[in-house]
>>> print(open('coords32.txt').read())   # compact mmCIF, C-alpha atoms and all ligand atoms
# COMPACT_ATOMS: atom_id res chain seq x y z
CA MET N 1 4.06 -8.15 -20.36
CA THR N 2 6.90 -7.66 -22.78
CA GLY N 3 8.29 -4.29 -21.70
CA GLY N 4 8.97 -1.30 -23.93
CA ARG N 5 12.22 -2.33 -25.64
CA VAL N 6 11.94 -3.30 -29.29
CA ARG N 7 13.61 -6.65 -29.76
CA GLN N 8 14.08 -8.61 -32.91
CA ARG N 9 11.86 -11.66 -32.67
CA THR N 10 12.60 -14.72 -34.74
CA PRO N 11 9.88 -17.36 -35.06
CA GLY N 12 10.73 -20.64 -33.35
CA PRO N 13 9.42 -23.72 -31.54
CA LEU N 14 8.94 -24.01 -27.78
CA ARG N 15 12.23 -25.02 -26.21
CA LYS N 16 12.51 -28.10 -24.04
CA ALA N 17 14.69 -27.72 -20.97
CA SER N 18 15.86 -30.12 -18.30
CA PRO N 19 14.00 -30.09 -14.97
CA LEU N 20 17.17 -28.71 -13.40
CA ARG N 21 17.30 -25.74 -15.79
CA VAL N 22 13.60 -25.14 -15.30
CA ALA N 23 13.99 -25.22 -11.53
CA GLN N 24 16.90 -22.78 -11.67
CA ARG N 25 14.92 -20.37 -13.82
CA LEU N 26 11.84 -20.63 -11.63
CA ARG N 27 13.81 -20.14 -8.42
CA ARG N 28 15.47 -17.07 -9.87
CA ALA N 29 12.12 -15.63 -10.92
CA ARG N 30 10.60 -16.27 -7.51
CA ALA N 31 13.58 -14.77 -5.72
CA GLU N 32 12.84 -11.49 -7.50
CA ASP N 33 9.29 -11.44 -6.10
CA TRP N 34 8.39 -9.79 -2.84
CA ASP N 35 7.71 -12.19 -0.02
CA PHE N 36 4.89 -11.46 2.42
CA GLY N 37 6.77 -13.48 5.02
CA GLY N 38 9.47 -10.81 5.12
CA GLY N 39 7.01 -8.47 6.83
CA ARG N 40 7.93 -5.51 4.61
CA ILE N 41 4.81 -5.27 2.46
CA PHE N 42 2.45 -2.50 3.61
CA GLY N 43 0.99 -1.60 0.24
CA SER N 44 -1.04 -4.74 -0.45
CA LEU N 45 -4.43 -5.97 0.68
CA CYS N 46 -3.28 -9.55 0.16
CA THR N 47 -1.21 -11.57 2.58
CA GLU N 48 0.56 -14.82 3.33
CA PRO N 49 -2.08 -17.59 3.15
CA HIS N 50 -2.74 -19.42 6.39
CA PRO N 51 -0.38 -22.46 6.63
CA GLU N 52 -3.34 -24.88 6.84
CA SER N 53 -4.69 -23.55 3.56
CA ARG N 54 -1.48 -24.01 1.56
CA ARG N 55 -1.33 -27.76 1.87
CA TRP N 56 -4.71 -28.27 0.21
CA LEU N 57 -3.87 -26.55 -3.05
CA LEU N 58 -2.07 -29.47 -4.69
CA PRO N 59 -4.56 -32.21 -3.72
CA PHE N 60 -7.35 -30.10 -5.29
CA LEU N 61 -5.26 -28.89 -8.23
CA THR N 62 -7.56 -30.22 -10.95
CA ALA N 63 -10.84 -29.23 -9.30
CA ASN N 64 -12.83 -27.04 -11.68
CA LEU N 65 -16.15 -25.54 -10.64
CA GLY N 66 -16.66 -24.61 -14.28
CA ASN N 67 -17.62 -28.27 -14.71
CA PRO N 68 -19.03 -29.16 -11.29
CA GLY N 69 -20.27 -32.61 -12.30
CA LEU N 70 -16.66 -33.73 -12.45
CA CYS N 71 -15.90 -32.47 -8.97
CA PRO N 72 -19.10 -33.04 -6.94
CA GLY N 73 -17.06 -33.18 -3.73
CA THR N 74 -15.55 -29.75 -4.31
CA ALA N 75 -18.95 -28.44 -5.43
CA ARG N 76 -20.55 -29.63 -2.16
CA LEU N 77 -17.67 -28.17 -0.16
CA SER N 78 -18.19 -24.89 -1.96
CA GLU N 79 -21.92 -24.84 -1.12
CA GLU N 80 -21.17 -25.73 2.49
CA LEU N 81 -18.77 -22.82 2.90
CA LEU N 82 -21.04 -20.40 1.05
CA GLU N 83 -23.74 -21.38 3.51
CA GLU N 84 -21.41 -20.55 6.41
CA PHE N 85 -20.65 -17.17 4.85
CA LEU N 86 -24.37 -16.51 4.42
CA ARG N 87 -24.83 -17.18 8.12
CA LEU N 88 -21.91 -14.90 9.03
CA TYR N 89 -23.29 -12.10 6.87
CA HIS N 90 -26.87 -12.45 8.11
CA GLY N 91 -28.33 -13.87 4.90
CA PRO N 92 -32.11 -14.41 5.10
CA PRO N 93 -33.22 -17.96 5.95
CA THR N 94 -34.48 -18.70 2.44
CA GLY N 95 -33.67 -17.65 -1.10
CA ALA N 96 -30.15 -16.32 -0.54
CA GLY N 97 -27.16 -17.78 -2.34
CA GLY N 98 -24.05 -17.01 -4.27
CA TRP N 99 -20.97 -18.39 -5.92
CA TRP N 100 -17.19 -18.32 -5.92
CA VAL N 101 -15.40 -15.75 -8.00
CA SER N 102 -11.77 -14.92 -8.66
CA GLY N 103 -11.92 -11.84 -6.43
CA ALA N 104 -13.84 -8.63 -5.91
CA THR N 105 -13.18 -7.40 -9.45
CA GLU N 106 -15.20 -10.26 -10.85
CA ALA N 107 -17.73 -9.91 -8.02
CA ASN N 108 -18.30 -6.22 -8.75
CA VAL N 109 -18.58 -6.74 -12.51
CA THR N 110 -21.01 -9.61 -11.98
CA ALA N 111 -23.18 -7.80 -9.44
CA LEU N 112 -23.62 -4.84 -11.78
CA TRP N 113 -24.28 -7.22 -14.67
CA VAL N 114 -27.05 -8.92 -12.67
CA PHE N 115 -28.64 -5.65 -11.57
CA ARG N 116 -28.43 -4.00 -14.97
CA ASN N 117 -30.30 -6.96 -16.43
CA LEU N 118 -32.77 -7.07 -13.56
CA THR N 119 -33.69 -3.38 -13.50
CA GLY N 120 -33.05 -2.26 -17.07
CA GLY N 121 -31.30 0.77 -15.50
CA SER N 122 -28.52 2.60 -17.30
CA GLU N 123 -26.73 4.33 -14.38
CA VAL N 124 -24.82 3.29 -11.30
CA VAL N 125 -24.64 5.55 -8.25
CA LEU N 126 -21.27 5.03 -6.58
CA PRO N 127 -18.75 6.87 -4.42
CA VAL N 128 -15.69 8.50 -5.98
CA SER N 129 -13.70 6.25 -3.63
CA ALA N 130 -14.92 3.09 -5.40
CA HIS N 131 -12.26 0.63 -6.52
CA PHE N 132 -11.19 0.83 -10.17
CA SER N 133 -12.86 -2.52 -10.83
CA PHE N 134 -16.09 -0.52 -11.10
CA ALA N 135 -14.62 1.52 -13.95
CA LYS N 136 -14.07 -1.76 -15.78
CA ALA N 137 -17.59 -2.93 -14.96
CA LEU N 138 -19.18 0.30 -16.17
CA ASP N 139 -17.28 0.18 -19.43
CA LEU N 140 -17.98 -3.49 -20.08
CA LEU N 141 -21.66 -3.16 -19.27
CA GLY N 142 -22.28 0.17 -20.98
CA LEU N 143 -23.43 1.78 -17.71
CA ARG N 144 -23.01 5.44 -16.81
CA PRO N 145 -21.55 6.44 -13.42
CA ARG N 146 -23.25 8.96 -11.15
CA TRP N 147 -20.32 9.74 -8.87
CA VAL N 148 -21.01 10.65 -5.27
CA PRO N 149 -18.51 12.78 -3.32
CA VAL N 150 -17.06 11.58 -0.03
CA ASP N 151 -16.62 13.47 3.24
CA GLY N 152 -13.31 14.26 4.94
CA ALA N 153 -13.18 10.74 6.38
CA GLY N 154 -13.60 9.24 2.89
CA ARG N 155 -17.22 8.15 3.37
CA MET N 156 -19.91 8.54 0.75
CA GLU N 157 -22.15 11.57 1.32
CA THR N 158 -25.61 10.16 1.92
CA GLU N 159 -27.65 13.15 0.79
CA LYS N 160 -25.70 13.44 -2.43
CA ALA N 161 -26.26 9.72 -3.04
CA ARG N 162 -30.00 10.18 -2.49
CA ASP N 163 -30.03 13.02 -5.05
CA ARG N 164 -28.44 10.85 -7.69
CA VAL N 165 -30.72 7.82 -7.35
CA SER N 166 -33.45 7.85 -10.00
CA ARG N 167 -35.58 5.67 -12.27
CA ARG N 168 -32.47 5.14 -14.37
CA THR N 169 -30.46 3.62 -11.50
CA ALA N 170 -29.39 0.02 -12.05
CA ALA N 171 -27.61 -0.17 -8.68
CA LEU N 172 -26.34 1.85 -5.78
CA VAL N 173 -22.85 0.83 -4.63
CA ALA N 174 -21.41 1.21 -1.12
CA LEU N 175 -18.04 0.29 0.28
CA ALA N 176 -17.48 -1.64 3.48
CA GLY N 177 -13.85 -0.56 3.50
CA SER N 178 -12.48 1.68 0.75
CA THR N 179 -9.23 0.71 -0.93
CA GLU N 180 -7.35 3.89 -0.11
CA LEU N 181 -8.56 4.63 3.42
CA GLY N 182 -10.45 1.59 4.64
CA ALA N 183 -13.43 3.94 5.04
CA VAL N 184 -16.81 2.34 5.67
CA ASP N 185 -19.68 4.16 3.94
CA PRO N 186 -22.85 4.94 5.96
CA ILE N 187 -24.37 1.72 4.68
CA GLU N 188 -27.35 1.69 7.01
CA ASP N 189 -28.58 5.02 5.59
CA LEU N 190 -27.70 4.03 2.03
CA ALA N 191 -29.59 0.75 2.42
CA ALA N 192 -32.65 2.68 3.58
CA ILE N 193 -32.41 4.98 0.54
CA ALA N 194 -32.06 1.97 -1.76
CA LEU N 195 -35.00 0.19 -0.19
CA ARG N 196 -37.24 3.23 -0.44
CA ALA N 197 -36.29 3.83 -4.07
CA GLY N 198 -36.59 0.14 -4.98
CA VAL N 199 -32.98 0.12 -6.16
CA PRO N 200 -30.53 -2.74 -5.44
CA LEU N 201 -27.64 -1.88 -3.11
CA HIS N 202 -24.41 -3.76 -3.83
CA VAL N 203 -21.88 -3.69 -0.99
CA ASP N 204 -18.22 -4.11 -1.87
CA ALA N 205 -16.78 -5.61 1.32
CA ALA N 206 -13.51 -6.76 -0.26
CA VAL N 207 -11.56 -4.85 2.37
CA GLY N 208 -13.83 -5.05 5.41
CA GLY N 209 -15.58 -8.39 4.95
CA PHE N 210 -13.18 -10.32 7.15
CA LEU N 211 -12.70 -7.54 9.69
CA LEU N 212 -16.02 -5.85 10.38
CA PRO N 213 -17.80 -8.97 11.71
CA PHE N 214 -14.92 -9.51 14.14
CA LEU N 215 -14.63 -6.06 15.67
CA PRO N 216 -15.74 -5.43 19.26
CA ALA N 217 -19.55 -5.34 19.46
CA ARG N 218 -19.62 -1.59 20.13
CA THR N 219 -17.82 -0.75 16.88
CA ARG N 220 -19.48 -3.53 14.91
CA ASP N 221 -22.97 -2.39 15.79
CA ARG N 222 -22.12 1.12 14.62
CA LEU N 223 -21.06 -0.18 11.20
CA PRO N 224 -23.68 -2.60 9.88
CA PHE N 225 -22.90 -3.52 6.28
CA ASP N 226 -24.39 -6.88 5.39
CA PHE N 227 -27.76 -8.59 4.77
CA ARG N 228 -28.89 -7.54 8.23
CA LEU N 229 -29.87 -4.36 6.37
CA PRO N 230 -32.89 -5.17 4.19
CA GLY N 231 -31.73 -2.84 1.37
CA VAL N 232 -28.51 -4.81 0.81
CA ARG N 233 -29.08 -7.07 -2.19
CA SER N 234 -25.54 -8.32 -2.85
CA LEU N 235 -22.21 -8.54 -1.11
CA ALA N 236 -18.66 -9.03 -2.39
CA VAL N 237 -16.11 -10.46 0.05
CA ASP N 238 -12.56 -11.57 -0.58
CA PRO N 239 -11.21 -14.50 1.41
CA HIS N 240 -7.91 -13.94 -0.43
CA LYS N 241 -7.42 -10.69 1.47
CA LEU N 242 -8.03 -10.74 5.23
CA GLY N 243 -9.58 -14.21 5.05
CA GLN N 244 -5.98 -15.49 4.75
CA ALA N 245 -6.86 -17.74 1.82
CA PRO N 246 -4.68 -18.13 -1.28
CA ILE N 247 -5.45 -16.18 -4.46
CA PRO N 248 -7.90 -16.47 -6.25
CA SER N 249 -10.63 -16.65 -3.64
CA GLY N 250 -13.62 -14.33 -3.81
CA VAL N 251 -17.28 -14.74 -2.97
CA LEU N 252 -20.36 -13.02 -4.35
CA LEU N 253 -23.55 -13.38 -2.33
CA PHE N 254 -27.10 -12.36 -3.22
CA ARG N 255 -30.10 -11.79 -0.98
CA ARG N 256 -32.25 -13.49 -3.65
CA LEU N 257 -30.33 -15.93 -5.79
CA ALA N 258 -33.31 -16.10 -8.16
CA GLU N 259 -32.49 -12.53 -9.24
CA THR N 260 -29.36 -13.78 -10.95
CA ALA N 261 -31.18 -15.91 -13.55
CA SER N 262 -30.23 -13.51 -16.35
CA VAL N 263 -26.53 -14.36 -15.98
CA GLU N 264 -27.16 -18.07 -16.50
CA VAL N 265 -26.58 -19.71 -19.84
CA ALA N 266 -27.19 -23.19 -21.22
CA SER N 267 -24.00 -25.29 -21.10
CA PRO N 268 -25.17 -28.45 -22.84
CA TYR N 269 -21.78 -30.07 -23.32
CA LEU N 270 -20.85 -29.89 -19.62
CA SER N 271 -21.95 -31.99 -16.66
CA ASP N 272 -24.36 -29.30 -15.50
CA PRO N 273 -26.89 -28.03 -18.06
CA ARG N 274 -26.71 -24.42 -16.78
CA ALA N 275 -23.63 -22.29 -16.09
CA ARG N 276 -23.80 -19.12 -14.04
CA GLY N 277 -21.58 -16.05 -13.92
CA LEU N 278 -18.55 -14.93 -15.85
CA LEU N 279 -15.86 -17.59 -15.71
CA GLY N 280 -15.83 -20.98 -17.37
CA THR N 281 -12.97 -23.25 -16.42
CA ARG N 282 -11.57 -21.90 -13.19
CA PHE N 283 -8.95 -22.65 -10.58
CA SER N 284 -11.00 -24.10 -7.73
CA ALA N 285 -8.40 -25.54 -5.38
CA THR N 286 -8.69 -22.29 -3.47
CA VAL N 287 -12.19 -23.31 -2.39
CA ALA N 288 -10.62 -26.17 -0.43
CA ALA N 289 -7.78 -23.95 0.74
CA THR N 290 -10.26 -21.28 1.88
CA TYR N 291 -12.22 -23.95 3.73
CA ALA N 292 -9.01 -24.91 5.52
CA ALA N 293 -8.10 -21.31 6.39
CA VAL N 294 -11.58 -20.43 7.61
CA HIS N 295 -11.78 -23.48 9.86
CA ALA N 296 -8.24 -23.19 11.13
CA LEU N 297 -9.05 -19.69 12.36
CA GLY N 298 -12.80 -19.68 13.02
CA SER N 299 -14.46 -16.50 14.25
CA GLU N 300 -12.22 -16.51 17.29
CA GLY N 301 -9.02 -16.55 15.19
CA TYR N 302 -10.27 -13.75 12.94
CA ARG N 303 -11.31 -11.76 16.02
CA ARG N 304 -7.84 -12.08 17.53
CA GLU N 305 -6.20 -11.02 14.28
CA ALA N 306 -8.58 -8.07 13.86
CA GLN N 307 -7.69 -6.92 17.36
CA ARG N 308 -3.96 -7.21 16.67
CA LEU N 309 -4.13 -5.36 13.35
CA ARG N 310 -6.18 -2.54 14.85
CA ARG N 311 -3.68 -2.25 17.69
CA LEU N 312 -0.82 -2.00 15.17
CA ALA N 313 -2.81 0.56 13.17
CA GLY N 314 -3.29 2.61 16.35
CA TRP N 315 0.45 2.44 17.05
CA LEU N 316 1.24 3.66 13.54
CA VAL N 317 -1.20 6.56 13.83
CA ARG N 318 0.42 7.67 17.10
CA GLU N 319 3.96 7.32 15.72
CA GLY N 320 3.00 9.13 12.52
CA ARG N 321 1.60 12.01 14.56
CA ARG N 322 4.85 12.19 16.53
CA LEU N 323 6.65 12.51 13.19
CA GLY N 324 4.39 15.41 12.20
CA LEU N 325 2.03 13.44 9.96
CA GLU N 326 -1.69 14.00 10.07
CA PRO N 327 -3.87 10.88 9.63
CA VAL N 328 -6.51 11.38 6.94
CA THR N 329 -9.01 9.70 9.23
CA ASP N 330 -9.07 7.77 12.45
CA PRO N 331 -8.87 4.23 11.01
CA VAL N 332 -11.74 1.87 11.75
CA LEU N 333 -10.10 -0.97 9.86
CA ASN N 334 -6.49 -1.93 9.17
CA VAL N 335 -5.62 0.91 6.77
CA VAL N 336 -3.66 3.94 7.97
CA ALA N 337 -3.26 6.93 5.65
CA PHE N 338 -1.46 10.20 6.28
CA HIS N 339 -1.73 13.46 4.38
CA HIS N 340 1.36 14.16 2.34
CA GLU N 341 1.90 16.37 -0.69
CA ASN N 342 4.63 14.22 -2.19
CA PRO N 343 3.52 10.64 -1.59
CA ALA N 344 5.48 9.39 -4.61
CA GLY N 345 8.70 10.79 -3.09
CA ILE N 346 8.11 9.03 0.23
CA GLN N 347 7.04 5.86 -1.53
CA ALA N 348 10.26 5.79 -3.58
CA TRP N 349 12.32 6.55 -0.45
CA MET N 350 10.72 3.66 1.42
CA LEU N 351 11.15 1.36 -1.54
CA GLN N 352 14.89 2.06 -1.58
CA ARG N 353 14.93 0.90 2.03
CA GLY N 354 13.04 -2.27 1.23
CA TRP N 355 9.51 -1.28 2.24
CA ASP N 356 6.44 -1.50 0.04
CA VAL N 357 4.02 1.32 0.91
CA SER N 358 1.40 3.02 -1.29
CA ALA N 359 0.80 6.52 -2.46
CA ILE N 360 -2.86 7.54 -2.45
CA GLU N 361 -4.56 10.20 -4.52
CA ARG N 362 -7.69 11.19 -2.70
CA PRO N 363 -6.40 13.08 -0.74
CA PRO N 364 -2.70 12.92 -1.64
CA GLY N 365 -1.01 10.84 1.02
CA ILE N 366 0.86 7.73 2.04
CA ARG N 367 -0.93 4.58 3.02
CA PHE N 368 0.02 1.61 5.17
CA VAL N 369 -2.11 -1.52 5.18
CA LEU N 370 -1.60 -3.68 8.26
CA MET N 371 -2.09 -7.26 7.18
CA PRO N 372 -1.57 -10.58 8.97
CA HIS N 373 2.02 -10.73 7.71
CA ALA N 374 2.83 -7.46 9.58
CA ARG N 375 5.46 -8.20 12.24
CA GLU N 376 5.31 -6.07 15.34
CA GLY N 377 9.06 -6.29 15.87
CA LEU N 378 9.75 -4.70 12.48
CA LEU N 379 7.48 -1.71 12.92
CA PRO N 380 10.01 0.49 14.77
CA ARG N 381 12.34 0.07 11.77
CA LEU N 382 9.54 1.08 9.44
CA ARG N 383 8.95 4.15 11.62
CA ASP N 384 12.65 5.07 11.65
CA ASP N 385 12.97 4.82 7.87
CA LEU N 386 9.79 6.84 7.51
CA ALA N 387 11.20 9.48 9.87
CA ALA N 388 14.32 9.74 7.72
CA GLY N 389 12.16 10.02 4.61
CA LEU N 390 10.14 12.81 6.18
CA ARG N 391 13.31 14.80 6.80
CA ARG N 392 13.89 14.64 3.06
CA PHE N 393 10.23 15.12 2.11
CA PRO N 394 8.66 17.02 5.00
CA PRO N 395 4.94 16.62 5.65
CA PRO N 396 2.58 19.54 4.92
CA GLY N 397 2.91 22.31 7.49
CA ALA N 398 6.26 21.09 8.80
CA ALA N 399 8.16 23.93 7.07
CA ALA N 400 5.95 26.48 8.83
CA GLY N 401 7.06 24.96 12.14
CA ARG N 402 3.71 23.39 12.95
N1 LIG V 501 -12.89 -3.67 -4.19
C1 LIG V 501 -12.06 -3.13 -3.29
C2 LIG V 501 -12.63 -2.23 -2.24
C3 LIG V 501 -10.70 -3.42 -3.33
O1 LIG V 501 -9.86 -2.84 -2.45
C4 LIG V 501 -10.21 -4.31 -4.32
C5 LIG V 501 -8.79 -4.64 -4.40
O2 LIG V 501 -7.99 -4.21 -3.64
C6 LIG V 501 -11.12 -4.85 -5.23
C7 LIG V 501 -12.45 -4.50 -5.15
C8 LIG V 501 -10.65 -5.78 -6.31
O3 LIG V 501 -10.28 -6.98 -5.76
P1 LIG V 501 -9.43 -8.05 -6.60
O4 LIG V 501 -8.18 -7.35 -6.97
O5 LIG V 501 -9.24 -9.14 -5.62
O6 LIG V 501 -10.23 -8.44 -7.76
>>> encode(input="coords32.txt", output="C-alpha cells")
Amino acid sequence: MTGGRVRQRTPGPLRKASPLRVAQRLRRARAEDWDFGGGRIFGSLCTEPHPESRRWLLPFLTANLGNPGLCPGTARLSEELLEEFLRLYHGPPTGAGGWWVSGATEANVTALWVFRNLTGGSEVVLPVSAHFSFAKALDLLGLRPRWVPVDGAGRMETEKARDRVSRRTAALVALAGSTELGAVDPIEDLAAIALRAGVPLHVDAAVGGFLLPFLPARTRDRLPFDFRLPGVRSLAVDPHKLGQAPIPSGVLLFRRLAETASVEVASPYLSDPRARGLLGTRFSATVAATYAAVHALGSEGYRREAQRLRRLAGWLVREGRRLGLEPVTDPVLNVVAFHHENPAGIQAWMLQRGWDVSAIERPPGIRFVLMPHAREGLLPRLRDDLAAGLRRFPPPGAAAGR
C-alpha cells in the first residue's frame, strides 16, 4: 500500500543495489514487524511456525501444486497429508477428498462457489458472527446472505437458522470457532437441519480445527463439528493457525469430492489436463512444512498444547474477573473476550505498552487469543498493564461500584 500522502512520482527504471544494501533494507523492514517469539501478540490467530516446519520451506521453495506434474513428490505428499486430515476429521471411507488452499478465506469462497454451482441456490444462511471472508465470497459469487442472529454466548440460533433455510439456499454455514469469541455453533443440530432440508452444510473450522479434536473427550463429544455429522458436506481448516504451520497453509475438505466437478477447468498447457479450485501457480512449500509440523507434534503434541492454551485462557478469565471485567462467554477454545464499552481505548493503551490485543464489535469488548507463542511468564505483566488501562478506561459497571 502506498499510504495517503501525495508524492511526486517520476518514471524510472528498477534500481540495482548491492547485496549489502539490500540486506540492510530488509533487516530494517523486518525489525519493524511484530515478532511472535516476543510473546506479546494476543490479537492474532496465527503464530510462530513449529521449528521443524521452518527448515523445509527453502528445500521446497519452487514446488508449485498449480502444475503438479512438475512436483509429483510434493503432490503425493499433499495427498498423503490430506488423507490423514480426512481420518482426523472422520471423513467417510470412500468419496471424500479435498485440496490445499491459501487459508480459510480461499476455502470459504471455494466452498460457496462449489455449492452455488451444485444447488443453483441464490442464498447463503450464515451466522452474523461469520468471518468477513464470507462477505467477499457472497459478493464475488452474487449470493444473498440470510443472516442468523447469535445467542449471548455468540452461537448461531438454531431455530432462526431453520427458519431461513429454503429452496433458495445454496449452503448453510456454521462456525467451529468464531473469530471474535471462539464460539462453536450448535453444529450437530445445524447438520440435522441441513440434512433434512437437503442443503449442504459448510463448516468453517479455521479457528477450532486444530483444537476441538484435541480437547478432553467430555468436551469434545459435546462439540461435534466434522464429517462425523452426516449433514456436514465441507470443512475448512487452517494449519497456519493452531496447526503451527507457516503461512499460507489451509485445507478444504469435501464429503464427496465428486461434487466439486463444477470448479474444475481444462488446463491443456500444464502437466495435468484438469485444474481445480481458485489458484493457479501457488506457493506450495508450506505443504512440506505443514507435514513437518503435523508429524513433529502428532495428536499428542496438539493435545498438550490445547490443554496449555485452555489453562492460560482460564487464568486470564479469572484475572479479568478480579479486575472487574465480565467475560462475554466461558471460553471453550483459546479465545477470551471481555465486555468493554471502549475497546479501542484499551487496545490503544495496551499497544503503547507493547501488547497487541483486539477490539471486538459484537458485543463491544476486548479480546485475547492465546496462541502457542503465549509465554506463561509474561502473562502477569499483561494483566498488570491491563489493570492500569482499566483504571483509565473502567469496565462497564465499575463506576457504579459493582
Ligand atoms: N474463518 C475464520 C473463522 C477466521 O477466524 C479467519 C481468520 O481469522 C478466516 C476464516 C480467514 O482465514 P485466512 O485469513 O487464513 O484466510
>>> closest_residue(input="coords32.txt", among="N:Val263, N:Ala130, N:Ala285, N:Leu181", to="Thr74 of chain N", atoms="all atoms listed in the file")
N:Ala285
>>> closest_residue(input="coords32.txt", among="N:Gly280, N:Gly243, N:Pro186, N:Pro343", to="ligand LIG 501 (chain V)", atoms="all atoms listed in the file")
N:Gly243
>>> axis_aligned_box(input="coords32.txt", around="ligand LIG 501 (chain V)", padding_each_side="6 Å", output="AutoDock Vina command-line options")
--center_x -10.4 --center_y -5.7 --center_z -5.0 --size_x 16.9 --size_y 18.9 --size_z 17.5
>>> atom_distance(input="coords32.txt", atom1="atom CA of Arg144 of chain N", atom2="atom CA of Asp238 of chain N")
25.7 Å
>>> closest_atom_pairs(input="coords32.txt", of="segment 192-229 of chain N", to="segment 301-322 of chain N", cutoff="9 Å", atoms="all atoms listed in the file", output="Markdown table")
| residue | atom | partner | partner_atom | distance |
| --- | --- | --- | --- | --- |
| N:Phe210 | CA | N:Tyr302 | CA | 7.3 |
| N:Leu211 | CA | N:Ala306 | CA | 5.9 |
| N:Leu212 | CA | N:Ala306 | CA | 8.5 |
| N:Pro213 | CA | N:Arg303 | CA | 8.3 |
| N:Phe214 | CA | N:Arg303 | CA | 4.7 |
| N:Leu215 | CA | N:Arg303 | CA | 6.6 |
| N:Pro216 | CA | N:Arg303 | CA | 8.4 |
